[in-house]
Amino acid sequence: MAWVWAVLVGASVLFGAVNGRMGEVSRAAMEGAGAAVELAVGMAGAICLWSGVMELMGRCGLADRLAGLFRPLLRRLLPRASRDGETLSAVSANLSANLLGLGNAATPLGIRAARRMARGCDGTASDELCRLVVLNTASIQLLPTTVASLRAACGSAAPFDILPAVWVTSLLSVTAGLLAARLLGRVRGR
């Protein structure tokens with residue numbers, strides 16, 4: 001991916017030089033860098049807040065309670081993983097972070113769960129591990145906090161007005177992903 005960005009920047013500088021617009025190219029680069037810093041600072045507060053909420057959930061035992069709520073669903077989706085309490089806790093925390101739209105906080109939890117689930121796989125992902133990746137990637141988001149904070153940082157007056165669309169699309173993406181994982185698991189099993 002780095003080479004794609006390098007080619008794009010190189011092409012921009014080259015075409016700016018050929019067309020005699022290096023001043024505009026450098027001005028655009030500086031404005032873009034400034035906008036990126038503003039955006040990062042604007043989002044940092046929301047990400048810190050919700051990451052802290054996830055940490056508090058873990059420390060006060062709410063993550064374990066959520067694991068209990070998710071247990072019936074996870075038994076059907078991930079039967080082997082649901083037998084191990086620590087793996088189930090990591091998967092549940094991952095699902096909780098994704099439900100809150102915290103992809104940044106969900107990723108380390110998903111990695112921890114995936115590592116625990118991959119212990120007996122001998123280098124080949126099991127069907128359950130593939131379903132975990134689908135659940136993590138195409139997660140259902142009840143409260144898309146990262147997207148809302150991005151919209152707020154960009155000046156949106158109502159950053160959460162996208163909720164119905166997010167609910168429908170995230171539910172459809174998880175359903176399609178899980179169906180595809182199940183179908184491909186059956187094809188691989190033959």
# chains A, B, ... in the order shown; residues from 1 in each chain; ligands from 1

$ closest_atom_pairs --of "region 88-121 of chain A" --to "region 67-83 of chain A" --cutoff "10 Å" --atoms "only C-alpha atoms" --output "tab-separated table"
residue	atom	partner	partner_atom	distance
A:Leu88	CA	A:Ser82	CA	5.2
A:Ser89	CA	A:Ala67	CA	5.7
A:Ala90	CA	A:Ala67	CA	8.6
A:Val91	CA	A:Ala67	CA	8.0
A:Ser92	CA	A:Ala67	CA	5.0
A:Ala93	CA	A:Ala67	CA	7.5
A:Leu95	CA	A:Phe70	CA	8.8
A:Ser96	CA	A:Ala67	CA	9.1
A:Ala113	CA	A:Ala81	CA	8.7
A:Ala114	CA	A:Ala81	CA	9.7
A:Arg116	CA	A:Ala81	CA	8.4
A:Met117	CA	A:Ala81	CA	6.4
A:Ala118	CA	A:Ala81	CA	10.0

$ write_last_selection --atoms "N, CA and C atoms" --output "mmCIF file, in the first residue's frame"
data_model
loop_
_atom_site.group_PDB
_atom_site.id
_atom_site.type_symbol
_atom_site.label_atom_id
_atom_site.label_comp_id
_atom_site.auth_asym_id
_atom_site.auth_seq_id
_atom_site.Cartn_x
_atom_site.Cartn_y
_atom_site.Cartn_z
ATOM 1 N N LEU A 88 -14.003 -16.849 25.200
ATOM 2 C CA LEU A 88 -15.355 -16.303 25.130
ATOM 3 C C LEU A 88 -15.386 -14.863 25.616
ATOM 4 N N SER A 89 -14.640 -14.566 26.661
ATOM 5 C CA SER A 89 -14.577 -13.203 27.168
ATOM 6 C C SER A 89 -13.963 -12.259 26.139
ATOM 7 N N ALA A 90 -12.893 -12.697 25.463
ATOM 8 C CA ALA A 90 -12.255 -11.863 24.435
ATOM 9 C C ALA A 90 -13.185 -11.654 23.245
ATOM 10 N N VAL A 91 -13.876 -12.715 22.831
ATOM 11 C CA VAL A 91 -14.825 -12.587 21.713
ATOM 12 C C VAL A 91 -15.965 -11.648 22.103
ATOM 13 N N SER A 92 -16.467 -11.797 23.319
ATOM 14 C CA SER A 92 -17.569 -10.949 23.780
ATOM 15 C C SER A 92 -17.146 -9.488 23.870
ATOM 16 N N ALA A 93 -15.946 -9.240 24.383
ATOM 17 C CA ALA A 93 -15.452 -7.871 24.449
ATOM 18 C C ALA A 93 -15.270 -7.303 23.049
ATOM 19 N N LEU A 95 -17.020 -8.194 20.376
ATOM 20 C CA LEU A 95 -18.367 -7.906 19.879
ATOM 21 C C LEU A 95 -18.927 -6.636 20.519
ATOM 22 N N SER A 96 -18.677 -6.451 21.807
ATOM 23 C CA SER A 96 -19.163 -5.256 22.506
ATOM 24 C C SER A 96 -18.544 -3.998 21.915
ATOM 25 N N ALA A 113 -8.598 -12.920 20.816
ATOM 26 C CA ALA A 113 -9.511 -14.052 20.640
ATOM 27 C C ALA A 113 -9.033 -14.958 19.504
ATOM 28 N N ALA A 114 -8.584 -14.367 18.411
ATOM 29 C CA ALA A 114 -8.124 -15.163 17.267
ATOM 30 C C ALA A 114 -6.893 -15.986 17.638
ATOM 31 N N ARG A 116 -6.130 -17.152 20.567
ATOM 32 C CA ARG A 116 -6.563 -18.263 21.413
ATOM 33 C C ARG A 116 -7.269 -19.331 20.580
ATOM 34 N N MET A 117 -8.054 -18.899 19.601
ATOM 35 C CA MET A 117 -8.777 -19.860 18.775
ATOM 36 C C MET A 117 -7.858 -20.587 17.799
ATOM 37 N N ALA A 118 -6.731 -19.990 17.439
ATOM 38 C CA ALA A 118 -5.826 -20.576 16.448
ATOM 39 C C ALA A 118 -4.854 -21.579 17.051
#

$ select_by_dssp --residues "region 78-157 of chain A" --states "helix (DSSP H, G or I)" --output "NGL selection string"
:A and (81-83 or 85-99 or 103-117 or 127-137 or 145-153)

$ write_last_selection --atoms "C-alpha atoms" --output "tab-separated table (two decimals), in the first residue's frame"
chain	number	residue	atom	x	y	z
A	81	ALA	CA	-14.46	-21.19	21.37
A	82	SER	CA	-17.44	-20.82	23.69
A	83	ARG	CA	-16.12	-23.70	25.84
A	85	GLY	CA	-14.02	-18.82	29.28
A	86	GLU	CA	-11.09	-16.55	28.41
A	87	THR	CA	-11.65	-16.93	24.67
A	88	LEU	CA	-15.36	-16.30	25.13
A	89	SER	CA	-14.58	-13.20	27.17
A	90	ALA	CA	-12.26	-11.86	24.44
A	91	VAL	CA	-14.83	-12.59	21.71
A	92	SER	CA	-17.57	-10.95	23.78
A	93	ALA	CA	-15.45	-7.87	24.45
A	94	ASN	CA	-14.67	-7.72	20.73
A	95	LEU	CA	-18.37	-7.91	19.88
A	96	SER	CA	-19.16	-5.26	22.51
A	97	ALA	CA	-16.56	-2.86	21.10
A	98	ASN	CA	-17.86	-3.44	17.60
A	99	LEU	CA	-21.46	-2.87	18.73
A	103	GLY	CA	-13.07	-0.63	15.58
A	104	ASN	CA	-9.84	0.68	17.10
A	105	ALA	CA	-10.67	-0.80	20.51
A	106	ALA	CA	-12.14	-3.98	19.01
A	107	THR	CA	-9.06	-4.91	17.00
A	108	PRO	CA	-6.75	-5.90	19.90
A	109	LEU	CA	-9.60	-7.86	21.49
A	110	GLY	CA	-10.26	-9.65	18.21
A	111	ILE	CA	-6.56	-10.46	17.82
A	112	ARG	CA	-6.45	-11.89	21.35
A	113	ALA	CA	-9.51	-14.05	20.64
A	114	ALA	CA	-8.12	-15.16	17.27
A	115	ARG	CA	-4.79	-16.16	18.83
A	116	ARG	CA	-6.56	-18.26	21.41
A	117	MET	CA	-8.78	-19.86	18.77
A	127	ASP	CA	-14.19	-22.45	10.20
A	128	GLU	CA	-14.76	-20.89	13.62
A	129	LEU	CA	-11.76	-18.61	13.24
A	130	CYS	CA	-13.08	-17.54	9.83
A	131	ARG	CA	-16.46	-16.75	11.39
A	132	LEU	CA	-14.73	-14.67	14.07
A	133	VAL	CA	-12.95	-12.69	11.36
A	134	VAL	CA	-16.29	-12.15	9.62
A	135	LEU	CA	-17.93	-11.03	12.88
A	136	ASN	CA	-15.04	-8.66	13.57
A	137	THR	CA	-14.82	-7.26	10.05
A	145	THR	CA	-19.11	6.22	17.54
A	146	THR	CA	-16.01	6.38	15.33
A	147	VAL	CA	-18.02	7.39	12.27
A	148	ALA	CA	-20.07	9.86	14.32
A	149	SER	CA	-16.93	11.44	15.77
A	150	LEU	CA	-15.49	11.69	12.26
A	151	ARG	CA	-18.69	13.37	11.08
A	152	ALA	CA	-18.65	15.73	14.09
A	153	ALA	CA	-15.00	16.63	13.46

$ residues_around --residues "Val13 (chain A)" --least-positions-apart "3" --cutoff "12 Å" --atoms "only C-alpha atoms" --output "PyMOL selection string"
chain A and resi 6-10+16-29

$ write_last_selection --atoms "N, CA and C atoms" --output "CSV table (one decimal), in the first residue's frame"
chain,number,residue,atom,x,y,z
A,6,ALA,N,3.2,6.4,-2.6
A,6,ALA,CA,4.4,7.0,-3.1
A,6,ALA,C,4.2,7.3,-4.6
A,7,VAL,N,3.6,6.4,-5.3
A,7,VAL,CA,3.3,6.7,-6.8
A,7,VAL,C,2.4,7.9,-6.9
A,8,LEU,N,1.3,8.0,-6.1
A,8,LEU,CA,0.4,9.1,-6.2
A,8,LEU,C,1.1,10.4,-5.9
A,9,VAL,N,1.9,10.4,-4.8
A,9,VAL,CA,2.6,11.7,-4.5
A,9,VAL,C,3.6,12.0,-5.6
A,10,GLY,N,4.3,11.0,-6.0
A,10,GLY,CA,5.3,11.3,-7.1
A,10,GLY,C,4.7,11.8,-8.4
A,16,GLY,N,2.7,18.5,-11.3
A,16,GLY,CA,2.8,19.9,-10.9
A,16,GLY,C,4.0,20.6,-11.5
A,17,ALA,N,5.1,19.9,-11.5
A,17,ALA,CA,6.3,20.5,-12.1
A,17,ALA,C,6.2,20.7,-13.6
A,18,VAL,N,5.6,19.7,-14.3
A,18,VAL,CA,5.5,19.8,-15.7
A,18,VAL,C,4.5,21.0,-16.1
A,19,ASN,N,3.5,21.2,-15.4
A,19,ASN,CA,2.5,22.2,-15.7
A,19,ASN,C,2.8,23.6,-15.0
A,20,GLY,N,3.9,23.7,-14.3
A,20,GLY,CA,4.3,24.9,-13.7
A,20,GLY,C,3.4,25.3,-12.5
A,21,ARG,N,2.9,24.3,-11.8
A,21,ARG,CA,2.0,24.6,-10.6
A,21,ARG,C,2.6,24.0,-9.3
A,22,MET,N,3.9,24.0,-9.2
A,22,MET,CA,4.5,23.5,-7.9
A,22,MET,C,4.0,24.3,-6.7
A,23,GLY,N,3.7,25.6,-6.8
A,23,GLY,CA,3.2,26.4,-5.7
A,23,GLY,C,1.9,25.8,-5.2
A,24,GLU,N,1.0,25.5,-6.2
A,24,GLU,CA,-0.3,25.0,-5.8
A,24,GLU,C,-0.2,23.6,-5.2
A,25,VAL,N,0.7,22.8,-5.8
A,25,VAL,CA,0.9,21.4,-5.2
A,25,VAL,C,1.4,21.5,-3.8
A,26,SER,N,2.4,22.4,-3.5
A,26,SER,CA,2.9,22.5,-2.1
A,26,SER,C,1.9,23.1,-1.2
A,27,ARG,N,1.1,24.0,-1.7
A,27,ARG,CA,0.0,24.6,-0.9
A,27,ARG,C,-1.0,23.5,-0.5
A,28,ALA,N,-1.4,22.7,-1.5
A,28,ALA,CA,-2.4,21.7,-1.3
A,28,ALA,C,-1.8,20.6,-0.3
A,29,ALA,N,-0.5,20.3,-0.4
A,29,ALA,CA,0.1,19.4,0.5
A,29,ALA,C,0.0,19.9,2.0

$ atom_distance --atom1 "CA of Leu184 (chain A)" --atom2 "CA of Ala138 (chain A)"
16.6 Å

$ atom_distance --atom1 "CA of Leu100 (chain A)" --atom2 "CA of Gln141 (chain A)"
6.0 Å

$ atom_distance --atom1 "CA of Trp3 (chain A)" --atom2 "CA of Ile47 (chain A)"
28.8 Å
